[in-house]
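Following: one structure in structure tokens, then a few remarks.
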Amino acid sequence: MINFDILICRTKENPNYSATLKAGVDRDGELGLRYEFIDNNDSWDNDDIRAIIKSDDAKVLANTLDCSVERLAETIANQFKTTELFSTPTEVEKVFKRILAYIESNGTQYRMSYL
């Protein structure tokens, strides 16, 4: 199970909603990215979207980025991390999509899950 402990970006504090983008690597070497949107006014609008990269593909991506698989989540986070707190969840989602596009451009495959 992936522990999404590396924060990449998030929205500003807002009583109506929040969005975060996190990354993590599990003990088997799978890399995960998690976009989570919480609407405090309407739970039907909540999203939990995850992109999972299997360990073999994570190794290839780690080699491309010249890091170990164990440091892969941190390395990706450092490339896309921002200290800016975004105003809207859409901005956080755009960072998620940029990371996925980067992963795809390196020939790495991932599977998406929507919880």
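Labels used: A, B, ... for chains in the order of the structure tokens, numbers from 1 for residues in each chain, and numbers from 1 for ligands as shown.
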
Requested in this report: For stretch 104-107 of chain A, work out the shell of residues within 10 Å, counting only C-alpha atoms and skipping chain neighbours fewer than 2 positions away, then give it as a list of chain:residue names.
Outcome: A:Asp57, A:Val60, A:Leu61, A:Thr64, A:Leu65, A:Arg98, A:Ile99, A:Leu100, A:Ala101, A:Tyr102, A:Gln109, A:Tyr110

Using C-alpha atoms, can you write the selected residues to a file as a PDB file, in the first residue's frame?
ATOM      1  CA  ASP A  57       8.163   1.125 -14.938  1.00  0.00           C
ATOM      2  CA  VAL A  60      12.879   2.895 -15.687  1.00  0.00           C
ATOM      3  CA  LEU A  61      11.587   6.325 -14.678  1.00  0.00           C
ATOM      4  CA  THR A  64      15.769   8.429 -16.417  1.00  0.00           C
ATOM      5  CA  LEU A  65      15.686  10.870 -13.488  1.00  0.00           C
ATOM      6  CA  ARG A  98       1.501  18.009 -16.147  1.00  0.00           C
ATOM      7  CA  ILE A  99       3.188  15.293 -14.098  1.00  0.00           C
ATOM      8  CA  LEU A 100       1.227  12.573 -15.903  1.00  0.00           C
ATOM      9  CA  ALA A 101       2.192  14.087 -19.266  1.00  0.00           C
ATOM     10  CA  TYR A 102       5.830  14.113 -18.156  1.00  0.00           C
ATOM     11  CA  GLN A 109       2.796   3.601 -18.253  1.00  0.00           C
ATOM     12  CA  TYR A 110       0.450   4.029 -15.322  1.00  0.00           C
TER      13      TYR A 110
END

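Scanning stretch 39-98 of chain A with DSSP on the backbone, the strand (DSSP E or B) assignments fall on Asp39, Asp47, Asp48, Ile49, Arg50, Ala51, Ile52, Ile53 and Phe86 of chain A.
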
Atoms kept (N, CA and C atoms) for selection, written as a PDB file, in the first residue's frame:
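Wrote it out as selection_33.pdb, contents follow:
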ATOM      1  N   ASP A  39     -15.064  18.698  -1.373  1.00  0.00           N
ATOM      2  CA  ASP A  39     -16.056  19.773  -1.375  1.00  0.00           C
ATOM      3  C   ASP A  39     -16.819  19.670  -0.065  1.00  0.00           C
ATOM      4  N   ASP A  47     -13.441  14.012  -5.090  1.00  0.00           N
ATOM      5  CA  ASP A  47     -12.655  13.165  -5.985  1.00  0.00           C
ATOM      6  C   ASP A  47     -11.430  12.638  -5.262  1.00  0.00           C
ATOM      7  N   ASP A  48     -11.067  11.417  -5.563  1.00  0.00           N
ATOM      8  CA  ASP A  48      -9.818  10.818  -5.108  1.00  0.00           C
ATOM      9  C   ASP A  48      -9.283  10.050  -6.307  1.00  0.00           C
ATOM     10  N   ILE A  49      -8.369  10.669  -7.045  1.00  0.00           N
ATOM     11  CA  ILE A  49      -7.859  10.092  -8.290  1.00  0.00           C
ATOM     12  C   ILE A  49      -6.401   9.708  -8.073  1.00  0.00           C
ATOM     13  N   ARG A  50      -6.064   8.483  -8.425  1.00  0.00           N
ATOM     14  CA  ARG A  50      -4.711   7.990  -8.213  1.00  0.00           C
ATOM     15  C   ARG A  50      -4.132   7.444  -9.514  1.00  0.00           C
ATOM     16  N   ALA A  51      -2.875   7.755  -9.719  1.00  0.00           N
ATOM     17  CA  ALA A  51      -2.113   7.182 -10.833  1.00  0.00           C
ATOM     18  C   ALA A  51      -1.033   6.301 -10.206  1.00  0.00           C
ATOM     19  N   ILE A  52      -1.007   5.038 -10.598  1.00  0.00           N
ATOM     20  CA  ILE A  52      -0.065   4.080 -10.027  1.00  0.00           C
ATOM     21  C   ILE A  52       0.865   3.588 -11.129  1.00  0.00           C
ATOM     22  N   ILE A  53       2.159   3.667 -10.872  1.00  0.00           N
ATOM     23  CA  ILE A  53       3.182   3.194 -11.806  1.00  0.00           C
ATOM     24  C   ILE A  53       3.796   1.939 -11.201  1.00  0.00           C
ATOM     25  N   PHE A  86      -2.480  27.344  -4.224  1.00  0.00           N
ATOM     26  CA  PHE A  86      -3.368  27.659  -5.328  1.00  0.00           C
ATOM     27  C   PHE A  86      -4.740  28.095  -4.832  1.00  0.00           C
TER      28      PHE A  86
END

**Report entry** Contact residues around A:Asp26 with only C-alpha atoms at 7 Å, ignoring same-chain residues under 5 positions, as a ChimeraX atom specification
**Finding:** /A:1-3,31

Deliver the residues from the most recent selection as a file, using N, CA and C atoms, as a CSV table (one decimal), in the first residue's frame.
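Listed below is the output, result28.csv:
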chain,number,residue,atom,x,y,z
A,1,MET,N,0.8,-1.2,0.0
A,1,MET,CA,0.0,0.0,0.0
A,1,MET,C,0.9,1.2,0.0
A,2,ILE,N,0.5,2.2,-0.8
A,2,ILE,CA,1.3,3.4,-1.0
A,2,ILE,C,0.9,4.4,0.1
A,3,ASN,N,1.9,5.0,0.7
A,3,ASN,CA,1.7,6.0,1.7
A,3,ASN,C,2.0,7.3,0.9
A,31,LEU,N,5.2,3.5,-7.6
A,31,LEU,CA,5.1,5.0,-7.4
A,31,LEU,C,3.6,5.3,-7.5

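Taking atom CA of A:Thr82 and atom CA of A:Glu36 as the two end points, the separation is 16.9 Å.
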
Requested in this report: Quick one: pick out all helix (DSSP H, G or I) residues within chain A from a backbone DSSP run and write them as a ChimeraX atom specification.
Outcome: /A:43-45,55-64,69-80,89-105

Please write the residues from the selection above to a file, keeping N, CA and C atoms, as a compact mmCIF listing (two decimals), in the first residue's frame.
# COMPACT_ATOMS: atom_id res chain seq x y z
N SER A 43 -20.61 16.43 -0.73
CA SER A 43 -19.69 15.29 -0.76
C SER A 43 -19.77 14.48 -2.06
N TRP A 44 -20.83 14.65 -2.83
CA TRP A 44 -20.94 13.95 -4.11
C TRP A 44 -19.91 14.45 -5.11
N ASP A 45 -19.39 15.65 -4.90
CA ASP A 45 -18.40 16.22 -5.80
C ASP A 45 -16.97 15.84 -5.44
N SER A 55 6.23 -1.23 -10.40
CA SER A 55 7.64 -1.15 -9.99
C SER A 55 8.62 -1.22 -11.17
N ASP A 56 8.34 -2.05 -12.18
CA ASP A 56 9.26 -2.13 -13.33
C ASP A 56 9.34 -0.80 -14.07
N ASP A 57 8.18 -0.18 -14.27
CA ASP A 57 8.16 1.13 -14.94
C ASP A 57 8.74 2.21 -14.03
N ALA A 58 8.53 2.09 -12.73
CA ALA A 58 9.10 3.06 -11.79
C ALA A 58 10.63 3.00 -11.83
N LYS A 59 11.19 1.81 -12.00
CA LYS A 59 12.64 1.67 -12.10
C LYS A 59 13.17 2.39 -13.33
N VAL A 60 12.47 2.23 -14.45
CA VAL A 60 12.88 2.89 -15.69
C VAL A 60 12.81 4.41 -15.50
N LEU A 61 11.74 4.89 -14.91
CA LEU A 61 11.59 6.32 -14.68
C LEU A 61 12.66 6.84 -13.71
N ALA A 62 12.96 6.06 -12.68
CA ALA A 62 14.01 6.46 -11.73
C ALA A 62 15.36 6.55 -12.44
N ASN A 63 15.66 5.60 -13.32
CA ASN A 63 16.91 5.66 -14.08
C ASN A 63 16.96 6.90 -14.95
N THR A 64 15.84 7.23 -15.58
CA THR A 64 15.77 8.43 -16.42
C THR A 64 16.04 9.68 -15.59
N VAL A 69 14.61 4.31 -6.81
CA VAL A 69 13.15 4.17 -6.77
C VAL A 69 12.63 4.71 -5.44
N GLU A 70 13.37 4.48 -4.37
CA GLU A 70 12.95 4.95 -3.06
C GLU A 70 12.83 6.48 -3.00
N ARG A 71 13.58 7.18 -3.82
CA ARG A 71 13.57 8.65 -3.83
C ARG A 71 12.76 9.21 -5.01
N LEU A 72 12.10 8.33 -5.76
CA LEU A 72 11.40 8.75 -6.97
C LEU A 72 10.26 9.74 -6.67
N ALA A 73 9.44 9.46 -5.68
CA ALA A 73 8.34 10.38 -5.35
C ALA A 73 8.88 11.75 -4.97
N GLU A 74 9.93 11.76 -4.19
CA GLU A 74 10.53 13.03 -3.77
C GLU A 74 11.15 13.77 -4.95
N THR A 75 11.79 13.03 -5.84
CA THR A 75 12.42 13.65 -7.02
C THR A 75 11.36 14.28 -7.92
N ILE A 76 10.28 13.56 -8.18
CA ILE A 76 9.20 14.12 -9.00
C ILE A 76 8.57 15.32 -8.30
N ALA A 77 8.34 15.19 -7.01
CA ALA A 77 7.76 16.30 -6.26
C ALA A 77 8.64 17.54 -6.35
N ASN A 78 9.95 17.37 -6.24
CA ASN A 78 10.86 18.51 -6.30
C ASN A 78 10.84 19.18 -7.67
N GLN A 79 10.61 18.41 -8.73
CA GLN A 79 10.55 19.00 -10.07
C GLN A 79 9.27 19.79 -10.29
N PHE A 80 8.18 19.40 -9.63
CA PHE A 80 6.88 20.02 -9.88
C PHE A 80 6.33 20.77 -8.67
N PRO A 89 -9.04 24.33 -6.97
CA PRO A 89 -8.65 22.95 -7.20
C PRO A 89 -8.22 22.67 -8.64
N THR A 90 -8.76 23.43 -9.58
CA THR A 90 -8.39 23.24 -10.99
C THR A 90 -6.90 23.45 -11.20
N GLU A 91 -6.32 24.39 -10.49
CA GLU A 91 -4.88 24.65 -10.61
C GLU A 91 -4.06 23.47 -10.10
N VAL A 92 -4.52 22.84 -9.01
CA VAL A 92 -3.83 21.66 -8.49
C VAL A 92 -3.97 20.51 -9.48
N GLU A 93 -5.15 20.35 -10.05
CA GLU A 93 -5.39 19.30 -11.05
C GLU A 93 -4.49 19.49 -12.28
N LYS A 94 -4.24 20.72 -12.67
CA LYS A 94 -3.36 20.98 -13.81
C LYS A 94 -1.93 20.50 -13.53
N VAL A 95 -1.45 20.67 -12.30
CA VAL A 95 -0.12 20.15 -11.94
C VAL A 95 -0.12 18.64 -12.04
N PHE A 96 -1.19 17.99 -11.57
CA PHE A 96 -1.34 16.54 -11.68
C PHE A 96 -1.23 16.09 -13.14
N LYS A 97 -1.94 16.78 -14.01
CA LYS A 97 -1.93 16.44 -15.44
C LYS A 97 -0.56 16.69 -16.07
N ARG A 98 0.14 17.75 -15.63
CA ARG A 98 1.50 18.01 -16.15
C ARG A 98 2.45 16.89 -15.75
N ILE A 99 2.33 16.40 -14.53
CA ILE A 99 3.19 15.29 -14.10
C ILE A 99 2.87 14.03 -14.90
N LEU A 100 1.60 13.75 -15.11
CA LEU A 100 1.23 12.57 -15.90
C LEU A 100 1.75 12.69 -17.34
N ALA A 101 1.67 13.88 -17.91
CA ALA A 101 2.19 14.09 -19.27
C ALA A 101 3.70 13.86 -19.29
N TYR A 102 4.39 14.32 -18.26
CA TYR A 102 5.83 14.11 -18.16
C TYR A 102 6.15 12.62 -18.07
N ILE A 103 5.41 11.91 -17.24
CA ILE A 103 5.62 10.47 -17.10
C ILE A 103 5.39 9.76 -18.43
N GLU A 104 4.32 10.11 -19.13
CA GLU A 104 4.02 9.52 -20.44
C GLU A 104 5.12 9.84 -21.45
N SER A 105 5.65 11.06 -21.40
CA SER A 105 6.68 11.46 -22.36
C SER A 105 7.97 10.67 -22.18

Query raised in the report: Within 6 Å of A:Phe4, counting only C-alpha atoms, which residues qualify if same-chain residues fewer than 5 places away don't, as a count of residues only?
Result: 3

Query raised in the report: Hey, what's within 7 Å of A:Ile38 if we count only C-alpha atoms and toss same-chain stuff fewer than 6 positions away? As a PyMOL selection string, please?
Result: chain A and resi 17-19+46-47

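Take atom CA of A:Ser113 and atom CA of A:Val25: the distance between them is 16.2 Å.
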
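Note that atom CA of A:Ile6 and atom CA of A:Leu21 are 8.6 Å apart.
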
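Candidate residues A:Leu115, A:Phe37, A:Thr108, A:Asp42 were compared for distance to A:Arg10, and the nearest is A:Phe37, using only C-alpha atoms.
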